Amino acid sequence: MDALRPSSESGFISRLVLFLGVSVLSGVLIAGLVLPIVGSAGLVARKSANGFEDLPGELQIPPLPERSRILASDGSLIANFYYENRVSVPLSQVSRLMRQAVVAIEDSRFYQHGGIDLRGTLRAFVNNQSGEDVQGGSTLTQQYVKQVLLERANNIADPKKRAAEQKAATEQSYSRKLRELRYAVALEEKYSKQQILERYLNIAYFGSGTYGVEAAARHYFSTSASALTLPQAAMLAGIVQQPFAFDPTKNAERALSRRNVVLTRMAQVGLASQADVDAAKATKVTLKLPKRTGNGCDTSKVPFFCDFVLKTILNDKTFGKTRPDRTRLLLRGGLTITTTLDREVQKAAQDALKAHVHARDKVASVVATVQPGTGAIKAMAVSRGYGDGKGEIKFNPATDRAYGGSSGFQAGSTFKVFVAAAALEKGYPFNYAIYAPYRKEIGDVPGCNGEILRDQWAPFNETASENGTYTLQTGIEGSINTYFAQLEQRVGVCRPVQIARDLGMRRADGGKVQPLKSFTLGVEEVSPLSMAEAYATFAARGVHCESVAITGVIDSTGKNLPVPQADCGQALEQRVADGMNQLLQGVIQRGTGQRASIGRPAAGKTGTTNRRVSVWFVGYTPELATAVWAGNPSPPAGGYPLSNRTIGGVFYGDVCGGCLPGPIWRQMMSNSLAGSDVTSFTSASSEVIDGKPQSVPNVSGMSPKKARATLRNAGFVPVVATAPVLSTVPQGTVAYTSPNADGQAYPGQTVTVYLSTGPGAQTEPETPPPGQQPATPDATASPAGLDVGNPDQGGR
């Protein structure tokens, strides 16, 4: 950017004036400028004139780079992004005093000449030779031309071509100066003086990284260009000649002296009265620098959300075909980017994290909040600072790797919801009972496309006391691992995986979640944002929206640009989502999430991974869905188990999803929703609560192999009885089942297959059980070992 800053050309001007003197005598320049020629200008003048006029006269003027702003939903500033910190304004929004000051000091005959001022050039030469204040001989129009040429060079993408054009635009040569003169003459013919002055004031460099008078006024005085006073205007006008030397933040005395030179010149040329000038000189230099003038997310008060917005722009082809195109648009395009961030929700998130986790703890925590039904990201907060210092991180643990995040964190028991949703979808009732011992060896599990998962897996529960019969309701409230491992075995893993994908779940490294045996226990590594997005789908009664951070983009001309869309659509049946909402309310009311209770309808799920490396609470109301994660975002080799840790000044023997993320969620959501109307979830239908039994197919007379396949295809779990029964069907084939053929049972329910002894067999047949009623799960079964009164024991 230094190449864009005007420099003193006094030495070069001296040499140029000598050339001009000779040119005047020979008629070279005079003829070239189409000035009247009398007498013996001769052939030399005519040839020189032709050569001058042959120079290109149409100056291609690129759009000026302007800073882009990222705004919260209420219009408050989140961050600026710029290649040059510039805010272009029309001349009508620049104070008269500022216009007069810059004309007085840079080109007092601006309104008299036609782009080239020989009188001013000769005056500068005389002053410079006599040792008086160094002056430049270029008019405002010529200075503007030079800045345009530099800007045009900087717009070239190819590094070699850019460097060559930058050199051509700054080299000390007569050819360059003549080219600038030719452009200046052409510009004076095309634009009015007011238009040229406006363009000059918007392109000029005013030091301290500010380009254009509006950005300079805001930077030095925290005011607008339209409100500049005489002392302020004179100060800014004086900077332009040597932006570093006269920068008042770096060289206060020289800046003051230069300001007074400008004021004196304004009086000399009649653009200010002597009384006003004297009063202005008596005024002290009072700078009012803004508290925050950063370029990018480093100085933002919401740096992690800011970084997510930045990565969204750089990743999304909506903002340009290539990443360099998108970068240029952001840094040069003067965009106004309005985002979804809710300042109140964001503050609630940051306050809750600060209350429970210290920035320099080895354990960090993350909050990500999404609005159900819109996908709007309302908050994104991290307990650590944004940066490279102690207690800071530069990546964003709230989101995926492609958006500045990490490879993610194992989800733990938060994934049980997808298996539960698949079970409800298939007609399993809330009281579907399974005996769930402390440890259970899981056999074959149906995968996708006919695949059978046969790898060994023996999950176990949180405590040995969790050993008994549980229902879908009590199993999810207590987060019973062996219940859900068996439920997944009956439902199959393919449909839960598909539901998870449909609800927005993805691996944080960009891959798809996979149909693994251990899927239900959350072995996949995901981000808090994708968890919030998925659970928001339940809150929205099955409508999934991709999480979005940007609601609108306006370019520097006021044109609305396209933005990424949430693409909302029904991803889960309403009846199933309603059932999940009712089940997950029980987690907070009676189960492992009791510490997250906020005194209004809310649903959620705890999650704790093996060895307590990551702990979660993901919960929601109809208004907001929030995921809270805690763990070490950069763990050492071997991991960082959350046992016997002091976090936020509190010692934890064993950290669990319900005992750290849960309270963070409670504080954050309580404050976010304070004062808002209480809304309830839609109650689950009786069909979903009670389930939907299905008819058992008739497999009598089939071989055991065919019967088992038929029953599995119907959604049941076939078990062949060890003792045969007396029957007239051929020996070894199926005599009957329990429940009987055309009786009813729930999907995933065990159907016992009885084989025939064959006609005339002399054996005591097994007495068939009464078989016409569906084997209704025992809704009254005691959930052995589920201590719902102590959620710390079940923070899974």
# chains A, B, ... in the order shown; residues from 1 in each chain; ligands from 1
call {"tool": "residues_around", "arguments": {"residues": "Cys297 (chain A)", "least_positions_apart": "4", "cutoff": "8 Å", "atoms": "only C-alpha atoms", "output": "ChimeraX atom specification"}}
result
/A:79-80,302-304,306-307
call {"tool": "residues_around", "arguments": {"residues": "region 399-404 of chain A", "least_positions_apart": "4", "cutoff": "12 Å", "atoms": "only C-alpha atoms", "output": "JSON, numbers by chain"}}
result
{"A": [303, 304, 305, 306, 307, 308, 309, 310, 311, 312, 313, 314, 315, 316, 366, 367, 368, 369, 377, 380, 381, 382, 393, 394, 395, 408, 409, 505, 506, 507, 508, 509, 510, 511, 525, 526, 527, 528, 529, 530, 531, 532, 533, 547, 549, 627, 629]}
call {"tool": "residues_around", "arguments": {"residues": "Leu584 (chain A)", "least_positions_apart": "6", "cutoff": "10 Å", "atoms": "only C-alpha atoms", "output": "number ranges by chain"}}
result
A: 417, 473, 476-477, 538, 578, 590-591, 593, 602-605, 619-620
call {"tool": "closest_residue", "arguments": {"among": "A:Ile647, A:Leu673, A:Val563, A:Ala245", "to": "Pro601 (chain A)", "atoms": "only C-alpha atoms"}}
result
A:Leu673
call {"tool": "residues_around", "arguments": {"residues": "Ser672 (chain A)", "least_positions_apart": "5", "cutoff": "10 Å", "atoms": "only C-alpha atoms", "output": "VMD selection string"}}
result
chain A and resid 342 to 349 624 666 to 667
call {"tool": "select_by_dssp", "arguments": {"residues": "region 455-573 of chain A", "states": "strand (DSSP E)", "output": "PyMOL selection string"}}
result
chain A and resi 468-470+525-526+543-544+550-554+560-561+569-570
call {"tool": "closest_residue", "arguments": {"among": "A:Ser300, A:Thr340, A:Asn481, A:Gln574", "to": "Asp74 (chain A)", "atoms": "only C-alpha atoms"}}
result
A:Thr340
call {"tool": "residues_around", "arguments": {"residues": "Ser383 (chain A)", "least_positions_apart": "4", "cutoff": "6 Å", "atoms": "only C-alpha atoms", "output": "ChimeraX atom specification"}}
result
/A:353,359,364-365
call {"tool": "closest_residue", "arguments": {"among": "A:Phe110, A:Tyr220, A:Tyr82, A:Phe430", "to": "Leu287 (chain A)", "atoms": "only C-alpha atoms"}}
result
A:Tyr220
call {"tool": "select_by_dssp", "arguments": {"residues": "region 394-477 of chain A", "states": "alpha helix (DSSP H)", "output": "short mmCIF file (atom, residue, chain, number, x, y, z; two decimals) with C-alpha atoms, in the first residue's frame"}}
result
data_model
loop_
_atom_site.label_atom_id
_atom_site.label_comp_id
_atom_site.auth_asym_id
_atom_site.auth_seq_id
_atom_site.Cartn_x
_atom_site.Cartn_y
_atom_site.Cartn_z
CA LYS A 416 -29.00 -41.32 20.61
CA VAL A 417 -31.72 -38.96 19.43
CA PHE A 418 -31.31 -40.11 15.84
CA VAL A 419 -31.87 -43.75 16.80
CA ALA A 420 -34.87 -42.74 18.90
CA ALA A 421 -36.32 -40.77 15.97
CA ALA A 422 -35.90 -43.78 13.67
CA ALA A 423 -37.67 -45.96 16.24
CA LEU A 424 -40.63 -43.58 16.51
CA GLU A 425 -40.78 -43.40 12.74
CA LYS A 426 -41.06 -47.20 12.57
CA LEU A 472 -37.66 -45.73 25.20
CA GLN A 473 -38.79 -42.94 27.55
CA THR A 474 -36.72 -43.97 30.56
CA GLY A 475 -33.82 -45.11 28.39
CA ILE A 476 -33.36 -41.70 26.82
CA GLU A 477 -33.95 -39.86 30.08
#
call {"tool": "residues_around", "arguments": {"residues": "Phe221 (chain A)", "least_positions_apart": "3", "cutoff": "8 Å", "atoms": "only C-alpha atoms", "output": "number ranges by chain"}}
result
A: 216-218, 232, 286-289
call {"tool": "closest_atom_pairs", "arguments": {"of": "region 66-177 of chain A", "to": "region 197-208 of chain A", "cutoff": "8 Å", "atoms": "only C-alpha atoms", "output": "Markdown table"}}
result
| residue | atom | partner | partner_atom | distance |
| --- | --- | --- | --- | --- |
| A:Arg86 | CA | A:Asn202 | CA | 7.6 |
| A:Val87 | CA | A:Asn202 | CA | 7.6 |
| A:Ser88 | CA | A:Asn202 | CA | 5.5 |
| A:Val89 | CA | A:Asn202 | CA | 7.1 |
| A:Pro90 | CA | A:Glu198 | CA | 6.4 |
| A:Leu91 | CA | A:Glu198 | CA | 5.0 |
| A:Arg99 | CA | A:Leu197 | CA | 7.9 |
| A:Leu140 | CA | A:Tyr200 | CA | 7.2 |
| A:Thr141 | CA | A:Tyr200 | CA | 7.7 |
| A:Gln143 | CA | A:Tyr200 | CA | 7.9 |
| A:Tyr144 | CA | A:Tyr200 | CA | 5.4 |
| A:Gln147 | CA | A:Ile203 | CA | 7.0 |
call {"tool": "write_last_selection", "arguments": {"atoms": "N, CA and C atoms", "output": "tab-separated table (two decimals), in the first residue's frame"}}
result
chain	number	residue	atom	x	y	z
A	86	ARG	N	-11.28	3.05	3.17
A	86	ARG	CA	-11.88	4.17	2.43
A	86	ARG	C	-13.39	4.09	2.50
A	87	VAL	N	-14.01	5.27	2.63
A	87	VAL	CA	-15.47	5.39	2.52
A	87	VAL	C	-15.72	6.54	1.57
A	88	SER	N	-16.07	6.23	0.34
A	88	SER	CA	-16.29	7.28	-0.67
A	88	SER	C	-17.56	8.06	-0.36
A	89	VAL	N	-17.47	9.36	-0.53
A	89	VAL	CA	-18.62	10.24	-0.30
A	89	VAL	C	-18.72	11.25	-1.43
A	90	PRO	N	-19.92	11.74	-1.75
A	90	PRO	CA	-20.05	12.80	-2.76
A	90	PRO	C	-19.50	14.12	-2.19
A	91	LEU	N	-19.16	15.03	-3.09
A	91	LEU	CA	-18.58	16.31	-2.67
A	91	LEU	C	-19.53	17.08	-1.76
A	99	ARG	N	-12.75	21.47	1.37
A	99	ARG	CA	-12.52	21.69	-0.07
A	99	ARG	C	-11.59	22.86	-0.29
A	140	LEU	N	-4.03	19.42	-8.97
A	140	LEU	CA	-4.86	18.38	-8.38
A	140	LEU	C	-5.25	17.32	-9.41
A	141	THR	N	-5.50	17.76	-10.62
A	141	THR	CA	-5.88	16.82	-11.69
A	141	THR	C	-4.74	15.87	-11.98
A	143	GLN	N	-2.30	15.05	-9.91
A	143	GLN	CA	-2.15	14.18	-8.76
A	143	GLN	C	-3.20	13.06	-8.80
A	144	TYR	N	-4.40	13.43	-9.18
A	144	TYR	CA	-5.45	12.43	-9.28
A	144	TYR	C	-5.09	11.38	-10.33
A	147	GLN	N	-2.61	8.88	-8.97
A	147	GLN	CA	-3.22	7.93	-8.06
A	147	GLN	C	-4.06	6.89	-8.81
call {"tool": "residues_around", "arguments": {"residues": "Lys167 (chain A)", "least_positions_apart": "6", "cutoff": "12 Å", "atoms": "only C-alpha atoms", "output": "ChimeraX atom specification"}}
result
/A:3-4,146,149-150,153-154,160-161,173,176
call {"tool": "write_last_selection", "arguments": {"atoms": "N, CA, C and O atoms", "output": "JSON list (two decimals), in the first residue's frame"}}
result
[["chain", "number", "residue", "atom", "x", "y", "z"],
["A", 3, "ALA", "N", 3.00, 2.12, -1.95],
["A", 3, "ALA", "CA", 3.15, 2.65, -3.31],
["A", 3, "ALA", "C", 2.05, 3.63, -3.65],
["A", 3, "ALA", "O", 2.18, 4.44, -4.57],
["A", 4, "LEU", "N", 0.93, 3.56, -2.93],
["A", 4, "LEU", "CA", -0.18, 4.46, -3.21],
["A", 4, "LEU", "C", -0.01, 5.83, -2.55],
["A", 4, "LEU", "O", -0.79, 6.73, -2.79],
["A", 146, "LYS", "N", -2.14, 10.43, -11.28],
["A", 146, "LYS", "CA", -1.10, 9.54, -10.77],
["A", 146, "LYS", "C", -1.69, 8.48, -9.85],
["A", 146, "LYS", "O", -1.34, 7.29, -9.92],
["A", 149, "LEU", "N", -3.48, 5.79, -11.87],
["A", 149, "LEU", "CA", -2.54, 4.87, -12.51],
["A", 149, "LEU", "C", -2.00, 3.85, -11.50],
["A", 149, "LEU", "O", -1.85, 2.67, -11.83],
["A", 150, "LEU", "N", -1.71, 4.32, -10.31],
["A", 150, "LEU", "CA", -1.25, 3.41, -9.26],
["A", 150, "LEU", "C", -2.36, 2.42, -8.87],
["A", 150, "LEU", "O", -2.10, 1.23, -8.69],
["A", 153, "ALA", "N", -2.73, -0.18, -11.48],
["A", 153, "ALA", "CA", -1.64, -1.16, -11.40],
["A", 153, "ALA", "C", -1.90, -2.16, -10.28],
["A", 153, "ALA", "O", -1.69, -3.37, -10.43],
["A", 154, "ASN", "N", -2.38, -1.67, -9.16],
["A", 154, "ASN", "CA", -2.63, -2.55, -8.02],
["A", 154, "ASN", "C", -3.78, -3.50, -8.26],
["A", 154, "ASN", "O", -3.93, -4.50, -7.56],
["A", 160, "LYS", "N", 3.76, -10.24, -11.80],
["A", 160, "LYS", "CA", 4.79, -9.64, -12.64],
["A", 160, "LYS", "C", 4.25, -8.42, -13.39],
["A", 160, "LYS", "O", 4.89, -7.37, -13.45],
["A", 161, "LYS", "N", 3.04, -8.58, -13.94],
["A", 161, "LYS", "CA", 2.44, -7.45, -14.65],
["A", 161, "LYS", "C", 2.12, -6.31, -13.69],
["A", 161, "LYS", "O", 2.27, -5.13, -14.04],
["A", 173, "SER", "N", 10.49, 9.85, -14.77],
["A", 173, "SER", "CA", 10.84, 10.00, -16.18],
["A", 173, "SER", "C", 9.94, 11.05, -16.82],
["A", 173, "SER", "O", 8.82, 11.27, -16.38],
["A", 176, "ARG", "N", 6.74, 9.46, -18.32],
["A", 176, "ARG", "CA", 5.64, 9.27, -17.38],
["A", 176, "ARG", "C", 4.92, 10.58, -17.12],
["A", 176, "ARG", "O", 3.70, 10.66, -17.08]]
call {"tool": "closest_residue", "arguments": {"among": "A:Val628, A:Leu228, A:Ala184, A:Val269", "to": "Gln93 (chain A)", "atoms": "only C-alpha atoms"}}
result
A:Leu228
call {"tool": "closest_residue", "arguments": {"among": "A:Arg712, A:Lys281, A:Arg501, A:His219", "to": "Phe415 (chain A)", "atoms": "only C-alpha atoms"}}
result
A:Arg501
call {"tool": "closest_residue", "arguments": {"among": "A:Arg612, A:Arg645, A:Ala225, A:Gln582", "to": "Ser686 (chain A)", "atoms": "only C-alpha atoms"}}
result
A:Gln582
